[in-house]
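Student: Sending over a structure as structure tokens; questions will come in a sec.
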Amino acid sequence: MFTKAKMTALAAGISFLALGSAQAVEIEYWQYVFDSRVQAMDKLIANFEAANPDITVKHTTFPYADYQTRVVAAKVAGQGPDVVQLFYGWTDQFVNGGLIKPLDPAVFPHDQIESEFFPIVSAMKRGEDYYGLPTAVRSLALFYNKAIFEEAGVQPPSTLDELLTAAEATTKRDGGGNITTAGITMDMAGQDHHWWREALIRQFGGVPYDAEGNVAYDDAAGAAALKFYTDLQTEQKVGLIGFMDEGQAAFRAGMAAMTIDGTFRLGAFASNPFEWGVVELPANEDGLRSNYSSYFANAIGATAEGEELEAAQKFLAYISSPEAMEIWLETVGELPARRDVALTDANLADPIRGPFLKGLEYAYTTQFYDEAAQRQTSIDMVNRVLLEGQSIEDAIAQAAAAEQAIIDGGRQ
């Protein structure tokens with residue numbers, strides 16, 4: 001059994017060789033393809049194998065669009081990963097599908113999890129069991145292109161009104177009025193659905209869900225938040241759905257002055273051919289800020305047993321240790337999931353990491369029942385307004401009904 005003492009020792013960087021090693025065993029780790037995340041995991045695996053030469057970790061990746069399907073197919077075939085990465089919003093699907101098993105509290109004590117990790121780790125708990133632990137957590141912030149801002153003579157916005165002013169000043173158009181450089185990206189398939197749901201709705205006086213978890217945005221606040229967002233294209237004409245396909249692609253190419261994205265973009269944006277900065281998501285006119293926090297967790301696969309299970313527990317303990325979180329922060333840019341690793345003076349003072357850390361203080365974590373399907377309701381809602389001319393009120397009502405049906409189905 002992998003004891004609490006062993007877990008503590010590994011977190012402190014002590015080799016498991018000193019604690020006794022098992023027979024040679026190979027385990028398999030699965031995650032989706034995202035370059036900086038793959039690089040970080042390769043580093044962690046190398047460190048872990050050096051400390052545990054009797055354990056080999058096979059690193060397998062799949063495209064994001066195919067990832068959940070591949071995990072399900074492997075389980076049906078009686079196979080699958082020993083340790084698997086999953087978005088917190090997929091937890092119900094993975095638990096109900098028998099894809100992962102609960103963490104052994106003798107190995108991962110609940111009191112340690114709850115005292116050492118940020119509170120949003122509770123999204124991995126079902127009943128009395130935790131089903132996974134994150135290495136890193138995410139929040140959102142506003143990225144901006146410093147050269148474009150300097151050319152336009154504007155400062156990074158701190159309020160929604162200032163956001164509109166900066167977006168108008170930095171948008172470039174051709175002779176026909178077509179956008180050539182967007183003031184701000186518009187990408188509901190990216191992070192904008194979180195911005196609308198957990199930030200804008202609250203800033204316009206509403207809540208996305210009520211105390212029982214039912215949809216609550218089919219009201220004046222939800223409509224006002226949606227109008228603010230769609231007006232970026234229809235009224236202000238500073239952004240465009242589908243511009244360069246993805247918001248992050250437009251920003252990386254220097255074709256957008258601002259984009260809202262998560263900490264996971266820090267590693268990817270490091271290679272941008274221009275200097276960029278980060279500020280907190282803009283507040284409303286009353287100074288209210290809101291944000292969205294999320295994470296990918298690592299869990300024990302349902303098929304892990306015997307020596308593979310013990311090795312998988314050792315590996316999960318390491319990739320959720322302080323050492324691993326520091327490596328993940330430097331390689332990917334995502335914030336450590338442990339409070340003491342994240343909330344250092346250096347991180348809080350950092351001009352890039354600081355805004356994301358501040359965002360965690362007022363962030364909400366959406367309780368998803370089917371993250372992909374719920375995201376799609378937001379995408380469809382905006383497309384009906386912008387591409388089909390549907391009214392704001394009708395679009396909101398249709399989205400609310402569709403999402404409520406997903407939530408109701410997930411509770412059954």
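In the structure tokens, each chain is lettered A, B, ... as it comes, each chain's residues begin at 1, and ligands are numbered from 1 in order of appearance.
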As number ranges by chain, please: the residues near A:Gln233 (cut-off 12 Å, only C-alpha atoms, same-chain neighbours under 3 positions excluded).
Tutor: A: 164, 167-168, 171, 178-179, 182-187, 226-230, 236-243, 382-383, 385-387
Student: For A:Leu288, find every residue with an atom within 12 Å (counting only C-alpha atoms), except residues of its own chain fewer than 2 positions away, and show them as a PyMOL selection string.
Tutor: chain A and resi 158-160+199-205+280-286+290-291+359+362-363
Student: Please produce a file of those selected residues containing C-alpha atoms, as an mmCIF file, in the first residue's frame.
Tutor:
```
data_model
loop_
_atom_site.group_PDB
_atom_site.id
_atom_site.type_symbol
_atom_site.label_atom_id
_atom_site.label_comp_id
_atom_site.auth_asym_id
_atom_site.auth_seq_id
_atom_site.Cartn_x
_atom_site.Cartn_y
_atom_site.Cartn_z
ATOM 1 C CA SER A 158 -9.836 48.161 -16.450
ATOM 2 C CA THR A 159 -13.593 48.525 -17.048
ATOM 3 C CA LEU A 160 -16.052 47.326 -19.676
ATOM 4 C CA ALA A 199 -18.464 37.230 -15.679
ATOM 5 C CA LEU A 200 -20.732 39.313 -17.913
ATOM 6 C CA ILE A 201 -24.022 37.893 -16.623
ATOM 7 C CA ARG A 202 -23.006 38.654 -13.037
ATOM 8 C CA GLN A 203 -21.718 42.109 -13.983
ATOM 9 C CA PHE A 204 -25.100 42.914 -15.512
ATOM 10 C CA GLY A 205 -26.846 41.927 -12.289
ATOM 11 C CA GLU A 280 -7.499 41.379 -15.090
ATOM 12 C CA LEU A 281 -10.853 40.954 -16.787
ATOM 13 C CA PRO A 282 -12.538 44.373 -16.925
ATOM 14 C CA ALA A 283 -14.867 45.390 -14.084
ATOM 15 C CA ASN A 284 -18.329 46.843 -14.609
ATOM 16 C CA GLU A 285 -19.138 50.493 -13.878
ATOM 17 C CA ASP A 286 -19.621 49.669 -10.191
ATOM 18 C CA SER A 290 -15.940 38.255 -11.906
ATOM 19 C CA ASN A 291 -13.977 35.418 -13.416
ATOM 20 C CA GLY A 359 -8.773 36.505 -10.773
ATOM 21 C CA TYR A 362 -13.384 36.243 -7.365
ATOM 22 C CA ALA A 363 -13.733 33.332 -9.782
#
```
Student: Looking only at the backbone, which of the residues in stretch 175-349 of chain A does DSSP tag as strand (DSSP E or B), as a PyMOL selection string?
Tutor: chain A and resi 179-182+209+215+256+258-262+276-279+283+291-292+294+296-301+335-336+338
Student: Go ahead and write the selection's residues with C-alpha atoms as a tab-separated table (two decimals), in the first residue's frame.
Tutor:
```tsv
chain	number	residue	atom	x	y	z
A	179	ILE	CA	-11.89	44.36	-40.26
A	180	THR	CA	-8.22	43.71	-40.96
A	181	THR	CA	-7.12	43.88	-37.32
A	182	ALA	CA	-9.73	43.17	-34.66
A	209	TYR	CA	-27.56	29.32	-12.34
A	215	VAL	CA	-30.40	27.77	-15.55
A	256	ALA	CA	-6.09	41.27	-32.89
A	258	MET	CA	-7.03	41.95	-27.36
A	259	THR	CA	-8.18	38.45	-26.54
A	260	ILE	CA	-9.65	36.84	-23.44
A	261	ASP	CA	-7.98	33.55	-22.63
A	262	GLY	CA	-6.65	31.37	-19.85
A	276	TRP	CA	2.12	41.46	-25.05
A	277	GLY	CA	0.74	42.12	-21.60
A	278	VAL	CA	-1.98	40.82	-19.30
A	279	VAL	CA	-4.55	42.59	-17.15
A	283	ALA	CA	-14.87	45.39	-14.08
A	291	ASN	CA	-13.98	35.42	-13.42
A	292	TYR	CA	-14.09	31.73	-14.27
A	294	SER	CA	-11.23	25.62	-14.12
A	296	PHE	CA	-7.79	19.49	-15.79
A	297	ALA	CA	-7.36	16.79	-13.18
A	298	ASN	CA	-5.56	13.46	-13.20
A	299	ALA	CA	-7.38	10.34	-12.10
A	300	ILE	CA	-6.76	6.63	-11.67
A	301	GLY	CA	-8.12	4.60	-14.57
A	335	LEU	CA	-1.19	28.25	-11.90
A	336	PRO	CA	-0.29	25.67	-9.24
A	338	ARG	CA	-1.74	24.06	-4.22
```
Student: With distances taken over only C-alpha atoms, which residue among A:Gln93, A:Ser122, A:Asn52, A:Ser321 lies nearest A:Ala373?
Tutor: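 That would be A:Gln93, the residue with the smallest distance to A:Ala373.
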Student: Which one of A:Glu246, A:Asp408, A:Glu198, A:Glu26 sits closest to A:Ala225 if you count only C-alpha atoms?
Tutor: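 Using only C-alpha atoms, A:Ala225 sits closest to A:Glu198.
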Student: For stretch 68-84 of chain A, please output as an MDAnalysis selection string all residues within 10 Å (counting only C-alpha atoms; exclusion window: fewer than 3 positions along the same chain).
Tutor: chainID A and resid 26:32 57:60 62:65 90 93:94 97:100 132 297:305 308:313 315:316
Student: Would you return as a short mmCIF file (atom, residue, chain, number, x, y, z; two decimals) with N, CA, C and O atoms, in the first residue's frame the members of stretch 88-195 of chain A that DSSP assigns to helix (DSSP H, G or I) on this structure's backbone?
Tutor:
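So result08.cif came out as:
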```
data_model
loop_
_atom_site.label_atom_id
_atom_site.label_comp_id
_atom_site.auth_asym_id
_atom_site.auth_seq_id
_atom_site.Cartn_x
_atom_site.Cartn_y
_atom_site.Cartn_z
N TYR A 88 -12.39 18.94 -15.40
CA TYR A 88 -13.25 18.76 -14.24
C TYR A 88 -14.73 18.65 -14.64
O TYR A 88 -15.52 17.97 -13.98
N GLY A 89 -15.08 19.30 -15.75
CA GLY A 89 -16.46 19.27 -16.22
C GLY A 89 -16.88 17.96 -16.84
O GLY A 89 -18.05 17.78 -17.19
N TRP A 90 -15.93 17.03 -16.99
CA TRP A 90 -16.26 15.70 -17.51
C TRP A 90 -16.43 14.68 -16.39
O TRP A 90 -16.68 13.50 -16.66
N THR A 91 -16.30 15.10 -15.15
CA THR A 91 -16.25 14.15 -14.04
C THR A 91 -17.45 13.23 -13.99
O THR A 91 -17.31 12.01 -13.84
N ASP A 92 -18.65 13.78 -14.12
CA ASP A 92 -19.84 12.94 -14.06
C ASP A 92 -19.84 11.90 -15.18
O ASP A 92 -20.20 10.74 -14.97
N GLN A 93 -19.44 12.31 -16.37
CA GLN A 93 -19.41 11.37 -17.49
C GLN A 93 -18.39 10.26 -17.25
O GLN A 93 -18.66 9.09 -17.54
N PHE A 94 -17.24 10.61 -16.69
CA PHE A 94 -16.21 9.61 -16.44
C PHE A 94 -16.59 8.69 -15.29
O PHE A 94 -16.32 7.48 -15.34
N VAL A 95 -17.21 9.25 -14.25
CA VAL A 95 -17.63 8.42 -13.11
C VAL A 95 -18.78 7.51 -13.52
O VAL A 95 -18.76 6.30 -13.30
N ASN A 96 -19.81 8.10 -14.14
CA ASN A 96 -20.98 7.30 -14.54
C ASN A 96 -20.64 6.26 -15.60
O ASN A 96 -21.28 5.21 -15.67
N HIS A 110 -8.29 12.96 2.63
CA HIS A 110 -9.17 14.06 2.29
C HIS A 110 -8.80 15.35 3.01
O HIS A 110 -8.89 16.44 2.44
N ASP A 111 -8.38 15.24 4.26
CA ASP A 111 -8.05 16.46 5.00
C ASP A 111 -6.85 17.17 4.40
O ASP A 111 -6.78 18.41 4.38
N GLN A 112 -5.90 16.39 3.86
CA GLN A 112 -4.75 17.02 3.19
C GLN A 112 -5.17 17.69 1.89
O GLN A 112 -4.74 18.80 1.58
N ILE A 113 -5.99 17.01 1.12
CA ILE A 113 -6.46 17.58 -0.14
C ILE A 113 -7.15 18.91 0.14
O ILE A 113 -6.88 19.93 -0.52
N GLU A 114 -8.05 18.93 1.12
CA GLU A 114 -8.87 20.10 1.37
C GLU A 114 -8.11 21.24 2.03
O GLU A 114 -8.51 22.40 1.91
N SER A 115 -7.02 20.94 2.70
CA SER A 115 -6.24 22.00 3.33
C SER A 115 -5.15 22.55 2.42
O SER A 115 -4.72 23.70 2.59
N GLU A 116 -4.69 21.77 1.45
CA GLU A 116 -3.54 22.15 0.65
C GLU A 116 -3.89 22.67 -0.74
O GLU A 116 -3.15 23.47 -1.31
N PRO A 119 -9.91 25.60 -3.09
CA PRO A 119 -11.22 24.99 -2.85
C PRO A 119 -11.90 24.40 -4.08
O PRO A 119 -12.74 23.49 -3.94
N ILE A 120 -11.55 24.86 -5.27
CA ILE A 120 -12.22 24.34 -6.46
C ILE A 120 -11.91 22.87 -6.71
O ILE A 120 -12.55 22.24 -7.56
N VAL A 121 -10.97 22.29 -5.96
CA VAL A 121 -10.72 20.86 -6.07
C VAL A 121 -11.97 20.07 -5.69
O VAL A 121 -12.13 18.91 -6.09
N SER A 122 -12.88 20.70 -4.96
CA SER A 122 -14.11 20.00 -4.55
C SER A 122 -14.97 19.60 -5.73
O SER A 122 -15.85 18.74 -5.60
N ALA A 123 -14.73 20.19 -6.90
CA ALA A 123 -15.47 19.80 -8.10
C ALA A 123 -15.13 18.38 -8.54
O ALA A 123 -15.84 17.80 -9.37
N MET A 124 -14.08 17.78 -7.97
CA MET A 124 -13.72 16.39 -8.28
C MET A 124 -14.30 15.42 -7.26
O MET A 124 -14.01 14.23 -7.32
N LYS A 146 0.95 45.05 -27.03
CA LYS A 146 1.48 46.34 -26.58
C LYS A 146 1.76 47.29 -27.74
O LYS A 146 1.52 48.50 -27.63
N ALA A 147 2.23 46.76 -28.87
CA ALA A 147 2.55 47.63 -30.01
C ALA A 147 1.28 48.27 -30.58
O ALA A 147 1.26 49.46 -30.91
N ILE A 148 0.24 47.48 -30.71
CA ILE A 148 -1.02 48.01 -31.24
C ILE A 148 -1.59 49.06 -30.29
O ILE A 148 -2.09 50.11 -30.71
N PHE A 149 -1.52 48.81 -28.99
CA PHE A 149 -2.02 49.77 -28.01
C PHE A 149 -1.22 51.06 -28.05
O PHE A 149 -1.77 52.16 -27.96
N GLU A 150 0.10 50.93 -28.16
CA GLU A 150 0.94 52.12 -28.20
C GLU A 150 0.64 52.94 -29.45
O GLU A 150 0.55 54.18 -29.40
N GLU A 151 0.48 52.26 -30.58
CA GLU A 151 0.17 52.95 -31.83
C GLU A 151 -1.16 53.71 -31.73
O GLU A 151 -1.30 54.82 -32.26
N ALA A 152 -2.14 53.10 -31.05
CA ALA A 152 -3.46 53.72 -30.92
C ALA A 152 -3.50 54.75 -29.80
O ALA A 152 -4.47 55.51 -29.70
N LEU A 160 -15.42 47.72 -18.42
CA LEU A 160 -16.05 47.33 -19.68
C LEU A 160 -16.17 48.51 -20.63
O LEU A 160 -16.00 48.36 -21.85
N ASP A 161 -16.45 49.70 -20.11
CA ASP A 161 -16.50 50.89 -20.97
C ASP A 161 -15.14 51.16 -21.59
O ASP A 161 -15.03 51.51 -22.78
N GLU A 162 -14.09 51.03 -20.79
CA GLU A 162 -12.73 51.23 -21.32
C GLU A 162 -12.38 50.16 -22.34
O GLU A 162 -11.63 50.42 -23.29
N LEU A 163 -12.93 48.96 -22.15
CA LEU A 163 -12.71 47.89 -23.12
C LEU A 163 -13.26 48.29 -24.49
O LEU A 163 -12.59 48.12 -25.52
N LEU A 164 -14.47 48.83 -24.51
CA LEU A 164 -15.07 49.26 -25.77
C LEU A 164 -14.27 50.38 -26.40
O LEU A 164 -14.05 50.39 -27.62
N THR A 165 -13.80 51.33 -25.58
CA THR A 165 -13.00 52.44 -26.10
C THR A 165 -11.70 51.94 -26.71
O THR A 165 -11.31 52.35 -27.82
N ALA A 166 -11.03 51.04 -26.00
CA ALA A 166 -9.75 50.50 -26.50
C ALA A 166 -9.97 49.66 -27.75
O ALA A 166 -9.17 49.72 -28.69
N ALA A 167 -11.05 48.90 -27.77
CA ALA A 167 -11.32 48.05 -28.94
C ALA A 167 -11.57 48.90 -30.18
O ALA A 167 -11.07 48.59 -31.28
N GLU A 168 -12.34 49.99 -30.02
CA GLU A 168 -12.59 50.87 -31.16
C GLU A 168 -11.30 51.53 -31.64
O GLU A 168 -11.03 51.62 -32.85
N ALA A 169 -10.46 51.95 -30.71
CA ALA A 169 -9.22 52.65 -31.07
C ALA A 169 -8.22 51.73 -31.77
O ALA A 169 -7.39 52.20 -32.56
N THR A 170 -8.29 50.46 -31.49
CA THR A 170 -7.28 49.53 -32.02
C THR A 170 -7.78 48.71 -33.20
O THR A 170 -7.00 47.97 -33.80
N MET A 188 -16.67 32.16 -29.06
CA MET A 188 -17.45 31.45 -28.05
C MET A 188 -17.01 30.00 -27.90
O MET A 188 -17.21 29.39 -26.85
N ALA A 189 -16.40 29.44 -28.92
CA ALA A 189 -15.88 28.07 -28.81
C ALA A 189 -14.60 28.04 -27.99
O ALA A 189 -14.19 26.97 -27.52
N GLY A 190 -13.98 29.20 -27.80
CA GLY A 190 -12.80 29.29 -26.95
C GLY A 190 -13.21 29.56 -25.51
O GLY A 190 -13.95 28.80 -24.91
N GLN A 191 -12.79 30.71 -24.98
CA GLN A 191 -13.08 31.03 -23.58
C GLN A 191 -14.21 32.05 -23.41
O GLN A 191 -14.61 32.35 -22.28
N ASP A 192 -14.75 32.56 -24.51
CA ASP A 192 -15.77 33.59 -24.39
C ASP A 192 -17.06 33.09 -23.76
O ASP A 192 -17.78 33.88 -23.13
N HIS A 193 -17.38 31.82 -23.92
CA HIS A 193 -18.61 31.34 -23.29
C HIS A 193 -18.48 31.38 -21.77
O HIS A 193 -19.47 31.60 -21.06
N HIS A 194 -17.27 31.18 -21.25
CA HIS A 194 -17.05 31.33 -19.81
C HIS A 194 -17.14 32.80 -19.39
O HIS A 194 -17.69 33.12 -18.34
N TRP A 195 -16.56 33.68 -20.20
CA TRP A 195 -16.62 35.12 -19.91
C TRP A 195 -18.06 35.58 -19.86
O TRP A 195 -18.46 36.29 -18.93
#
```
Student: Just give me the gap between atom CA of A:Gly287 and atom CA of A:Arg138 in Å, one decimal is fine.
Tutor: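 Interatomic distance, atom CA of A:Gly287 to atom CA of A:Arg138: 22.4 Å.
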Student: Using only C-alpha atoms, which of A:Leu140, A:Met244, A:Leu232, A:Ala268 sits nearest A:Ser293?
Tutor: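 Smallest separation from A:Ser293 among the options: A:Leu140.
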Student: Using Å and a single decimal, report how far atom CA of A:Thr135 sits from atom CA of A:Arg252.
Tutor: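 Interatomic distance, atom CA of A:Arg252 to atom CA of A:Thr135: 26.0 Å.
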